[in-house]
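Printed here is run-v1.txt (compact mmCIF, C-alpha atoms):
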# COMPACT_ATOMS: atom_id res chain seq x y z
CA MET A 1 -5.92 -39.20 0.25
CA LYS A 2 -4.93 -35.69 1.32
CA ILE A 3 -5.66 -33.61 4.39
CA TYR A 4 -7.44 -30.31 3.91
CA ALA A 5 -6.67 -27.57 6.47
CA TYR A 6 -9.06 -24.81 7.58
CA GLY A 7 -7.16 -23.01 10.31
CA VAL A 8 -4.97 -23.05 13.39
CA ILE A 9 -6.88 -22.60 16.66
CA ASP A 10 -5.95 -21.84 20.26
CA SER A 11 -7.09 -25.22 21.55
CA ASN A 12 -5.67 -28.73 21.48
CA GLU A 13 -8.97 -30.35 22.38
CA LYS A 14 -11.41 -32.32 20.27
CA ILE A 15 -13.91 -30.20 18.38
CA ASP A 16 -17.60 -30.85 17.76
CA GLU A 17 -17.53 -33.74 15.32
CA THR A 18 -20.99 -33.04 13.95
CA ILE A 19 -19.56 -30.11 12.01
CA ARG A 20 -18.78 -31.13 8.45
CA GLY A 21 -16.11 -29.85 6.13
CA LEU A 22 -15.52 -30.05 2.38
CA ASN A 23 -17.49 -32.84 0.65
CA GLY A 24 -19.26 -33.57 3.94
CA ALA A 25 -16.12 -34.97 5.59
CA PRO A 26 -15.95 -34.73 9.40
CA LEU A 27 -13.63 -32.16 10.93
CA PHE A 28 -10.98 -32.99 13.48
CA ASN A 29 -8.43 -31.03 15.43
CA VAL A 30 -4.81 -32.17 15.15
CA PRO A 31 -3.25 -31.06 18.44
CA TYR A 32 0.27 -29.72 18.89
CA ARG A 33 1.24 -28.67 22.41
CA ASP A 34 -1.48 -26.20 23.53
CA ILE A 35 -2.84 -25.37 20.05
CA GLY A 36 -4.28 -27.34 17.11
CA ILE A 37 -5.05 -27.27 13.42
CA VAL A 38 -8.54 -28.10 12.18
CA VAL A 39 -8.60 -30.38 9.13
CA SER A 40 -10.70 -32.91 7.24
CA ASP A 41 -9.81 -35.77 4.91
CA LEU A 42 -10.13 -35.05 1.22
CA ASN A 43 -10.35 -37.70 -1.48
CA ALA A 44 -11.26 -35.58 -4.48
CA GLN A 45 -9.40 -32.79 -6.25
CA ILE A 46 -10.30 -29.19 -5.44
CA GLN A 47 -10.95 -26.83 -8.29
CA LYS A 48 -9.62 -23.35 -7.54
CA GLU A 49 -12.83 -21.76 -8.81
CA ASP A 50 -15.20 -24.17 -7.03
CA LYS A 51 -17.45 -21.62 -5.34
CA THR A 52 -19.29 -24.17 -3.21
CA SER A 53 -16.01 -25.28 -1.68
CA VAL A 54 -14.83 -21.68 -1.15
CA LEU A 55 -18.02 -20.92 0.74
CA LYS A 56 -17.78 -24.17 2.72
CA HIS A 57 -14.22 -23.30 3.74
CA GLU A 58 -15.40 -19.89 4.90
CA GLU A 59 -18.38 -21.40 6.73
CA VAL A 60 -16.11 -23.76 8.68
CA VAL A 61 -13.70 -20.96 9.59
CA GLU A 62 -16.60 -18.81 10.78
CA MET A 63 -17.96 -21.66 12.92
CA LEU A 64 -14.53 -22.02 14.48
CA MET A 65 -14.40 -18.25 15.03
CA ASP A 66 -17.44 -18.47 17.30
CA LYS A 67 -15.54 -20.67 19.76
CA PHE A 68 -11.82 -20.07 19.24
CA THR A 69 -9.25 -17.61 18.03
CA VAL A 70 -8.55 -18.78 14.48
CA LEU A 71 -5.67 -18.28 12.09
CA PRO A 72 -7.55 -19.06 8.88
CA MET A 73 -5.65 -20.96 6.21
CA ARG A 74 -5.97 -19.90 2.59
CA PHE A 75 -8.61 -21.79 0.60
CA SER A 76 -7.29 -25.08 -0.90
CA THR A 77 -4.43 -25.62 1.57
CA LEU A 78 -3.59 -29.32 1.48
CA PHE A 79 -1.14 -31.56 3.34
CA SER A 80 -0.07 -34.99 2.18
CA GLY A 81 -0.16 -36.54 5.67
CA LYS A 82 -0.36 -35.98 9.41
CA GLU A 83 3.42 -36.06 9.72
CA HIS A 84 3.67 -32.98 7.45
CA ILE A 85 1.12 -31.18 9.58
CA SER A 86 3.03 -32.01 12.77
CA LEU A 87 6.27 -30.78 11.21
CA MET A 88 4.62 -27.51 10.13
CA MET A 89 3.10 -27.00 13.58
CA LYS A 90 6.48 -27.63 15.21
CA ASN A 91 8.35 -25.27 12.85
CA TYR A 92 5.82 -22.44 13.14
CA TYR A 93 4.63 -22.92 16.70
CA ASP A 94 6.14 -19.64 17.98
CA ASP A 95 4.66 -17.71 15.03
CA PHE A 96 1.25 -19.24 15.60
CA ILE A 97 1.29 -18.46 19.31
CA GLY A 98 2.31 -14.85 18.60
CA ASN A 99 -0.48 -14.40 16.05
CA LEU A 100 -3.11 -16.11 18.21
CA ASP A 101 -2.26 -13.74 21.07
CA ARG A 102 -2.29 -10.68 18.79
CA LEU A 103 -5.54 -11.57 17.05
CA ARG A 104 -7.48 -12.78 20.12
CA GLU A 105 -10.93 -11.14 20.31
CA LYS A 106 -10.30 -9.36 17.03
CA ILE A 107 -12.12 -9.51 13.71
CA GLU A 108 -11.55 -8.16 10.23
CA PHE A 109 -13.77 -5.82 8.23
CA GLY A 110 -13.34 -5.01 4.55
CA VAL A 111 -14.10 -1.56 3.17
CA LYS A 112 -14.05 -0.88 -0.55
CA THR A 113 -14.52 2.52 -2.11
CA ILE A 114 -15.26 3.37 -5.72
CA TRP A 115 -14.73 6.86 -7.03
CA PRO A 116 -15.32 8.30 -10.50
CA GLY A 117 -11.68 7.69 -11.42
CA ASP A 118 -12.30 7.83 -15.18
CA LEU A 119 -13.87 11.27 -14.89
CA ILE A 120 -11.19 12.54 -12.51
CA ARG A 121 -8.45 11.39 -14.87
CA GLU A 122 -10.25 13.04 -17.80
CA ARG A 123 -10.52 16.30 -15.85
CA ILE A 124 -6.83 16.26 -14.89
CA THR A 125 -5.82 15.40 -18.47
CA ALA A 126 -7.96 18.20 -19.92
CA ALA A 127 -6.43 20.72 -17.48
CA HIS A 128 -2.93 19.63 -18.51
CA ARG A 129 -3.71 19.83 -22.23
CA LYS A 130 -5.16 23.30 -21.70
CA SER A 131 -2.19 24.65 -19.77
CA ASP A 132 0.26 23.14 -22.28
CA ASN A 133 3.15 23.58 -19.85
CA LEU A 134 5.48 21.08 -21.44
CA PRO A 135 9.01 21.27 -20.09
CA LEU A 136 10.93 20.84 -23.33
CA VAL A 137 11.07 22.43 -26.74
CA ALA A 138 10.28 19.45 -28.95
CA SER A 139 13.04 19.87 -31.50
CA SER A 140 13.73 16.14 -31.90
CA SER A 141 11.99 12.79 -31.71
CA GLY A 142 13.67 12.06 -28.35
CA LYS A 143 12.36 15.29 -26.85
CA SER A 144 8.84 14.81 -28.27
CA PHE A 145 8.79 11.36 -26.71
CA MET A 146 9.95 12.76 -23.37
CA ASN A 147 7.31 15.52 -23.51
CA GLU A 148 4.53 12.98 -24.04
CA LYS A 149 5.84 10.74 -21.26
CA PHE A 150 6.36 13.66 -18.90
CA GLU A 151 2.80 14.84 -19.42
CA ASN A 152 1.47 11.34 -18.66
CA TYR A 153 3.76 11.17 -15.61
CA LYS A 154 2.37 14.45 -14.27
CA ILE A 155 -1.23 13.34 -14.90
CA ASP A 156 -0.61 10.02 -13.11
CA LYS A 157 1.06 11.83 -10.23
CA GLU A 158 -1.78 14.29 -9.80
CA PHE A 159 -4.32 11.46 -10.06
CA GLU A 160 -2.53 9.54 -7.30
CA GLU A 161 -2.25 12.62 -5.10
CA GLU A 162 -5.98 13.17 -5.40
CA ALA A 163 -6.55 9.49 -4.58
CA ASP A 164 -4.34 9.84 -1.48
CA ARG A 165 -6.38 12.82 -0.30
CA CYS A 166 -9.68 10.93 -0.71
CA ILE A 167 -8.30 7.80 0.97
CA ALA A 168 -7.15 9.86 3.95
CA VAL A 169 -10.71 11.16 4.38
CA VAL A 170 -12.28 7.68 4.12
CA ASP A 171 -9.67 6.11 6.40
CA GLY A 172 -10.16 8.92 8.91
CA PHE A 173 -13.68 7.66 9.67
CA PHE A 174 -12.31 4.34 10.96
CA ASN A 175 -8.93 5.17 12.48
CA ARG A 176 -9.97 5.35 16.10
CA TYR A 177 -11.70 1.94 16.04
CA VAL A 178 -8.98 -0.16 14.48
CA SER A 179 -5.85 -1.77 15.82
CA GLU A 180 -4.27 -2.54 12.45
CA LYS A 181 -5.06 -1.89 8.81
CA ARG A 182 -4.00 -2.83 5.29
CA LEU A 183 -4.85 -0.29 2.60
CA GLU A 184 -4.55 -0.97 -1.11
CA LYS A 185 -4.84 2.02 -3.40
CA LEU A 186 -6.26 2.07 -6.94
CA LYS A 187 -6.42 -1.61 -7.85
CA THR A 188 -8.23 -0.18 -10.86
CA ASP A 189 -8.69 3.49 -11.80
CA ASN A 190 -12.16 3.41 -10.23
CA LEU A 191 -11.53 1.11 -7.25
CA LEU A 192 -10.02 3.82 -5.08
CA LEU A 193 -9.52 1.80 -1.92
CA SER A 194 -9.57 -1.83 -0.84
CA ALA A 195 -9.02 -1.79 2.88
CA ALA A 196 -8.86 -4.48 5.54
CA TYR A 197 -9.27 -3.29 9.12
CA LEU A 198 -8.52 -5.31 12.25
CA VAL A 199 -11.05 -4.40 14.93
CA ASP A 200 -11.63 -5.44 18.55
CA LYS A 201 -14.85 -7.46 18.71
CA GLU A 202 -16.22 -5.01 21.27
CA LYS A 203 -15.70 -2.11 18.85
CA SER A 204 -17.49 -3.88 16.02
CA ASP A 205 -20.69 -1.83 16.35
CA ASP A 206 -18.74 1.43 16.51
CA PHE A 207 -16.93 0.46 13.34
CA LYS A 208 -20.22 -0.29 11.56
CA LYS A 209 -21.63 3.05 12.75
CA ALA A 210 -18.57 4.83 11.37
CA PHE A 211 -19.28 3.17 8.02
CA GLU A 212 -22.88 4.40 8.10
CA GLU A 213 -21.64 7.92 8.84
CA LEU A 214 -19.26 7.70 5.92
CA ARG A 215 -21.96 6.37 3.62
CA SER A 216 -24.37 9.12 4.54
CA SER A 217 -21.74 11.85 4.19
CA GLY A 218 -22.76 12.49 0.58
CA GLY A 219 -20.52 12.97 -2.42
CA ASP A 220 -20.18 10.76 -5.46
CA LEU A 221 -18.13 7.99 -3.88
CA LYS A 222 -19.62 4.52 -3.38
CA TYR A 223 -18.83 2.31 -0.43
CA LEU A 224 -19.01 -1.35 0.48
CA LEU A 225 -18.55 -2.82 3.95
CA SER A 226 -18.12 -6.54 4.49
CA GLY A 227 -17.50 -8.57 7.58
CA PRO A 228 -16.80 -9.52 10.18
CA TRP A 229 -14.26 -11.88 8.63
CA PRO A 230 -11.62 -14.00 10.28
CA ALA A 231 -8.36 -12.03 10.29
CA TYR A 232 -7.16 -13.37 6.91
CA ASN A 233 -5.10 -10.28 6.14
CA PHE A 234 -3.33 -9.85 9.46
CA ILE A 235 -1.39 -13.06 9.98
CA THR A 236 2.32 -12.31 10.00
CA LEU A 237 4.91 -15.07 9.83
CA SER A 238 8.64 -14.86 10.32
CA ARG A 239 9.18 -17.13 7.30
CA SER A 240 7.16 -17.69 4.15
CA MET A 241 4.72 -20.60 4.12
CA ASP A 242 4.15 -20.73 0.36
CA GLY A 243 0.87 -18.86 0.59
CA LYS A 244 -0.80 -21.17 3.10
CA PHE A 245 -2.05 -18.08 4.89
CA GLY A 246 -3.28 -14.92 3.26
CA GLY A 247 -6.22 -12.79 2.34
CA PRO A 248 -8.65 -14.23 -0.16
CA ASP A 249 -11.07 -11.71 -1.57
CA LEU A 250 -14.22 -13.69 -0.88
CA ILE A 251 -16.70 -10.87 -1.32
CA LYS A 252 -17.28 -11.52 -4.99
CA THR A 253 -17.98 -15.19 -4.31
CA ILE A 254 -20.28 -14.32 -1.44
CA LEU A 255 -22.13 -11.75 -3.57
CA GLN A 256 -22.85 -14.37 -6.19
CA HIS A 257 -24.26 -16.84 -3.67
CA LYS A 258 -26.00 -14.91 -0.96
CA ASP A 259 -28.62 -12.23 -0.75
CA PRO A 260 -26.80 -9.28 0.78
CA LYS A 261 -28.54 -7.18 3.38
CA MET B 1 -21.39 -13.52 14.43
CA ASN B 2 -23.56 -12.27 11.58
CA LYS B 3 -21.74 -11.26 8.47
CA THR B 4 -23.02 -8.21 6.66
CA ILE B 5 -22.36 -6.78 3.26
CA GLU B 6 -23.50 -3.17 3.21
CA THR B 7 -23.58 -1.17 0.01
CA ASP B 8 -25.93 0.78 -2.23
CA SER B 9 -24.05 -0.24 -5.35
CA LEU B 10 -23.68 -4.02 -5.45
CA GLU B 11 -23.51 -4.35 -9.20
CA ILE B 12 -20.93 -1.59 -9.60
CA PHE B 13 -18.65 -3.23 -7.02
CA ALA B 14 -19.10 -6.69 -8.55
CA ASN B 15 -18.15 -5.32 -12.00
CA GLU B 16 -15.13 -3.42 -10.69
CA MET B 17 -13.86 -6.44 -8.76
CA GLU B 18 -14.25 -8.58 -11.87
CA LYS B 19 -11.82 -6.18 -13.59
CA VAL B 20 -9.32 -6.61 -10.74
CA LYS B 21 -9.47 -10.37 -11.08
CA ASP B 22 -8.93 -10.20 -14.84
CA ALA B 23 -6.00 -7.83 -14.42
CA LEU B 24 -4.06 -10.13 -12.14
CA PRO B 25 -2.67 -13.26 -13.73
CA LYS B 26 -1.72 -15.46 -10.78
CA LYS B 27 1.22 -17.19 -12.37
CA ILE B 28 3.26 -17.69 -15.47
CA GLU B 29 1.63 -20.46 -17.51
CA ALA B 30 4.49 -22.70 -18.56
CA ASN B 31 3.87 -26.22 -19.85
CA PRO B 32 5.30 -28.37 -22.67
CA GLU B 33 2.80 -26.92 -25.17
CA ASN B 34 3.60 -23.27 -24.54
CA ALA B 35 7.02 -23.31 -22.88
CA GLU B 36 8.38 -20.69 -25.28
CA LYS B 37 5.51 -18.26 -24.67
CA GLY B 38 5.62 -18.88 -20.91
CA LEU B 39 9.32 -18.11 -20.80
CA ALA B 40 8.91 -15.07 -23.05
CA LYS B 41 6.18 -13.78 -20.75
CA LEU B 42 8.42 -14.11 -17.71
CA VAL B 43 11.41 -12.46 -19.39
CA LEU B 44 9.35 -9.67 -20.95
CA THR B 45 7.63 -9.00 -17.62
CA LEU B 46 11.00 -8.43 -15.99
CA ILE B 47 12.23 -6.27 -18.87
CA GLU B 48 9.01 -4.25 -18.74
CA LEU B 49 9.50 -3.71 -15.00
CA ILE B 50 13.04 -2.42 -15.54
CA ARG B 51 11.95 -0.27 -18.51
CA LYS B 52 9.18 1.34 -16.45
CA LEU B 53 11.54 1.99 -13.55
CA MET B 54 14.01 3.65 -15.93
CA GLU B 55 11.23 5.74 -17.44
CA LYS B 56 9.97 6.86 -14.05
CA GLN B 57 13.46 7.76 -12.88
CA ALA B 58 13.98 9.79 -16.08
CA MET B 59 10.70 11.68 -15.45
CA ARG B 60 11.75 12.46 -11.89
CA ARG B 61 15.03 13.86 -13.16
CA VAL B 62 13.27 15.98 -15.81
CA GLU B 63 10.94 17.25 -13.09
CA ALA B 64 13.87 18.08 -10.84
CA GLY B 65 15.66 19.83 -13.72
CA SER B 66 18.78 17.74 -13.29
CA LEU B 67 19.20 16.71 -16.94
CA THR B 68 20.77 18.82 -19.66
CA ASP B 69 19.08 19.25 -23.05
CA GLU B 70 21.47 16.78 -24.65
CA GLU B 71 20.90 14.24 -21.90
CA ILE B 72 17.12 14.55 -22.24
CA GLU B 73 17.39 13.96 -25.96
CA ARG B 74 19.58 10.89 -25.52
CA VAL B 75 17.41 9.45 -22.75
CA GLY B 76 14.28 10.14 -24.83
CA GLU B 77 15.67 8.36 -27.88
CA THR B 78 16.79 5.40 -25.78
CA LEU B 79 13.44 5.05 -24.01
CA GLU B 80 11.57 5.39 -27.30
CA LYS B 81 13.65 2.65 -28.91
CA LEU B 82 13.16 0.42 -25.87
CA GLU B 83 9.40 0.96 -25.99
CA ASN B 84 9.25 0.17 -29.71
CA LYS B 85 11.35 -2.94 -29.25
CA MET B 86 9.04 -4.11 -26.46
CA LYS B 87 6.02 -3.57 -28.73
CA GLU B 88 7.68 -5.74 -31.40
CA LEU B 89 8.50 -8.51 -28.91
CA LYS B 90 4.99 -8.48 -27.48
CA GLU B 91 3.58 -8.85 -30.97
CA ILE B 92 5.95 -11.68 -31.83
CA PHE B 93 4.91 -13.67 -28.74
CA GLY B 94 1.23 -12.63 -28.89
CA LEU B 95 1.29 -10.97 -25.47
CA LYS B 96 -0.85 -8.07 -24.32
CA ASP B 97 0.24 -5.30 -21.93
CA GLU B 98 -1.98 -6.59 -19.12
CA GLU B 99 -0.39 -10.04 -19.37
CA LEU B 100 3.02 -8.66 -18.44
CA ASN B 101 2.57 -8.73 -14.70
CA LEU B 102 2.99 -11.14 -11.83
CA ASN B 103 1.01 -11.40 -8.66
CA LEU B 104 3.45 -11.71 -5.78
CA GLY B 105 0.85 -12.77 -3.22
CA THR B 106 0.94 -10.66 -0.11
CA LEU B 107 3.49 -8.32 -1.74
CA GLY B 108 0.96 -7.32 -4.41
CA ASP B 109 1.66 -7.05 -8.13
CA LEU B 110 5.10 -6.82 -9.64
CA ILE B 111 4.16 -3.90 -11.90
The structure in this file should be written as structure tokens.
Amino acid sequence: MKIYAYGVIDSNEKIDETIRGLNGAPLFNVPYRDIGIVVSDLNAQIQKEDKTSVLKHEEVVEMLMDKFTVLPMRFSTLFSGKEHISLMMKNYYDDFIGNLDRLREKIEFGVKTIWPGDLIRERITAAHRKSDNLPLVASSSGKSFMNEKFENYKIDKEFEEEADRCIAVVDGFFNRYVSEKRLEKLKTDNLLLSAAYLVDKEKSDDFKKAFEELRSSGGDLKYLLSGPWPAYNFITLSRSMDGKFGGPDLIKTILQHKDPK
Amino acid sequence: MNKTIETDSLEIFANEMEKVKDALPKKIEANPENAEKGLAKLVLTLIELIRKLMEKQAMRRVEAGSLTDEEIERVGETLEKLENKMKELKEIFGLKDEELNLNLGTLGDLI
């Protein structure tokens, strides 16, 4: 039997035992000094793509969020026994305390932005082909190759510069409401921005209003707001923990299982 | 606290995020049945990373005008040969361009 972990919390006290975890197993808090880690026993194997379990994990973390500050563990984090948990808690206690203090009363929002990247790239490419400002006289195979590569390099560069300009505008709507952010640019040509914002709970409504302003600002960009999430993307550790913490992109799973508002 | 997902374009986002998932192999698949391919994938991923870095550095130097004509020709020939050799190796091991990448967790993708 293994122990499945949901998150580290800022309490060493017993939690409500009526809450159930994966496969209906009861949850319990394993205390260490003034904090604890919420776990449940697990007899079966977890499939990485098991959507029911992913959603259950998220549901438990969200229930914990209502009462505690939570450092959510990544989905499918397992320990082989209580002694391993105690050792981990001892080794990372200072990190956990630092993160719990930093993330107290804070939540995470996700903002994704799609732009017509295919069309923008086509436009930039057409402009380059038209101007034909190649840097080299292609008198050899080596130079022809370099010309082709240089043209692609310039197109990519211009495409990224345009992406940076658009991201700055989108990000500008949220800047004054966030305490930290993680921005990922162009995960695909069309997925301009995947952003995670750390927001004070009391600024949550302001953040949502900023999103509505952005959405109603017109243009041909498309936006998605999700949250509030536990602060998956903002846990920082002084040493690696083999991916036990980190930011799962749960939106796709949620979209497949819930009716979005 | 009530979670919301606000968008006018659910399907478009779902499709785009599906592409992201497909583009990010989480790990090198190495097991007794495909050890050779798994190892080739790892090695070729690292070579591809170095090749792309070299190519980008060469483009920056062309842009800055710091290469002579002869140097550009030599660099061009070298990069072209490297690219062709990589194409051959990918074909031999049945690997596609998008497979030559590694997800480094919180650090993002290798390439």
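Within 6 Å of chain B, and using all atoms listed in the file, the residues found on chain A are Gly142, Lys143, Phe145, Met146, Phe150, Tyr223, Leu224, Leu225, Ser226, Gly227, Pro228 and Pro260 of chain A.
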Q. For Glu151 (chain A), which residue out of A:Asn99, A:Ser86, A:Asn175, A:Thr125 is the nearest one, using all atoms listed in the file?
A.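 Nearest candidate to Glu151 (chain A) out of A:Asn99, A:Ser86, A:Asn175, A:Thr125: A:Thr125.
Atom to atom, CA of Leu237 (chain A) and CA of Leu193 (chain A) stand 25.1 Å apart.
From CA of Pro230 (chain A) back to CA of Glu13 (chain A), the distance works out to 20.5 Å.
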**Q.** Computed interatomic separation between CA of Leu183 (chain A) and CA of Leu53 (chain B) (Å)
**A.**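 Between these atoms lies a distance of 23.1 Å.
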Q. Excluding same-chain residues fewer than 2 positions from Glu58 (chain A), what lies within 12 Å of it counting only C-alpha atoms, as number ranges by chain?
A. A: 5-7, 21-22, 51-56, 60-65, 70, 72-76, 227-232, 247-251, 253-254; B: 3
(Q) Could you list, as a ChimeraX atom specification, every residue within 9 Å of Glu180 (chain A), counting all atoms listed in the file and ignoring same-chain residues fewer than 6 positions away? (A) /A:196-199,234
In the coordinate frame of the file, compute which residues have an atom within 10 Å of (-2.5, -28.2, -1.4) when using all atoms listed in the file, and state them as a compact mmCIF listing (two decimals) with C-alpha atoms, in the frame of the given file.
# COMPACT_ATOMS: atom_id res chain seq x y z
CA LYS A 2 -4.93 -35.69 1.32
CA ILE A 3 -5.66 -33.61 4.39
CA TYR A 4 -7.44 -30.31 3.91
CA ALA A 5 -6.67 -27.57 6.47
CA GLN A 45 -9.40 -32.79 -6.25
CA ILE A 46 -10.30 -29.19 -5.44
CA ARG A 74 -5.97 -19.90 2.59
CA PHE A 75 -8.61 -21.79 0.60
CA SER A 76 -7.29 -25.08 -0.90
CA THR A 77 -4.43 -25.62 1.57
CA LEU A 78 -3.59 -29.32 1.48
CA PHE A 79 -1.14 -31.56 3.34
CA SER A 80 -0.07 -34.99 2.18
CA LYS A 244 -0.80 -21.17 3.10
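Here the residues that fall within 12 Å of (6.3, -9.9, -28.9), using all atoms listed in the file, are given as Glu36, Lys37, Leu39, Ala40, Lys41, Val43, Leu44, Thr45, Glu48, Glu83, Asn84, Lys85, Met86, Lys87, Glu88, Leu89, Lys90, Glu91, Ile92, Phe93, Gly94, Leu95, Lys96, Asp97, Glu99 and Leu100 of chain B.
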Would you put the residues from that selection into a file with C-alpha atoms, as a compact mmCIF listing (two decimals), keeping the file's coordinate frame?
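This is the output file again_31.txt:
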# COMPACT_ATOMS: atom_id res chain seq x y z
CA GLU B 36 8.38 -20.69 -25.28
CA LYS B 37 5.51 -18.26 -24.67
CA LEU B 39 9.32 -18.11 -20.80
CA ALA B 40 8.91 -15.07 -23.05
CA LYS B 41 6.18 -13.78 -20.75
CA VAL B 43 11.41 -12.46 -19.39
CA LEU B 44 9.35 -9.67 -20.95
CA THR B 45 7.63 -9.00 -17.62
CA GLU B 48 9.01 -4.25 -18.74
CA GLU B 83 9.40 0.96 -25.99
CA ASN B 84 9.25 0.17 -29.71
CA LYS B 85 11.35 -2.94 -29.25
CA MET B 86 9.04 -4.11 -26.46
CA LYS B 87 6.02 -3.57 -28.73
CA GLU B 88 7.68 -5.74 -31.40
CA LEU B 89 8.50 -8.51 -28.91
CA LYS B 90 4.99 -8.48 -27.48
CA GLU B 91 3.58 -8.85 -30.97
CA ILE B 92 5.95 -11.68 -31.83
CA PHE B 93 4.91 -13.67 -28.74
CA GLY B 94 1.23 -12.63 -28.89
CA LEU B 95 1.29 -10.97 -25.47
CA LYS B 96 -0.85 -8.07 -24.32
CA ASP B 97 0.24 -5.30 -21.93
CA GLU B 99 -0.39 -10.04 -19.37
CA LEU B 100 3.02 -8.66 -18.44
Emit as AutoDock Vina command-line options the padded axis-aligned box for all listed atoms of region 11-15 of chain A, 6 Å per side, with centre and edge lengths in Å to one decimal.
--center_x -9.8 --center_y -28.8 --center_z 20.4 --size_x 20.2 --size_y 19.1 --size_z 16.0
Q) Counting all atoms listed in the file, which of A:Ser217, A:Arg129, A:Gly81, A:Tyr153 gets nearest to Arg61 (chain B)? A)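 Result for the nearest residue to Arg61 (chain B): A:Tyr153.
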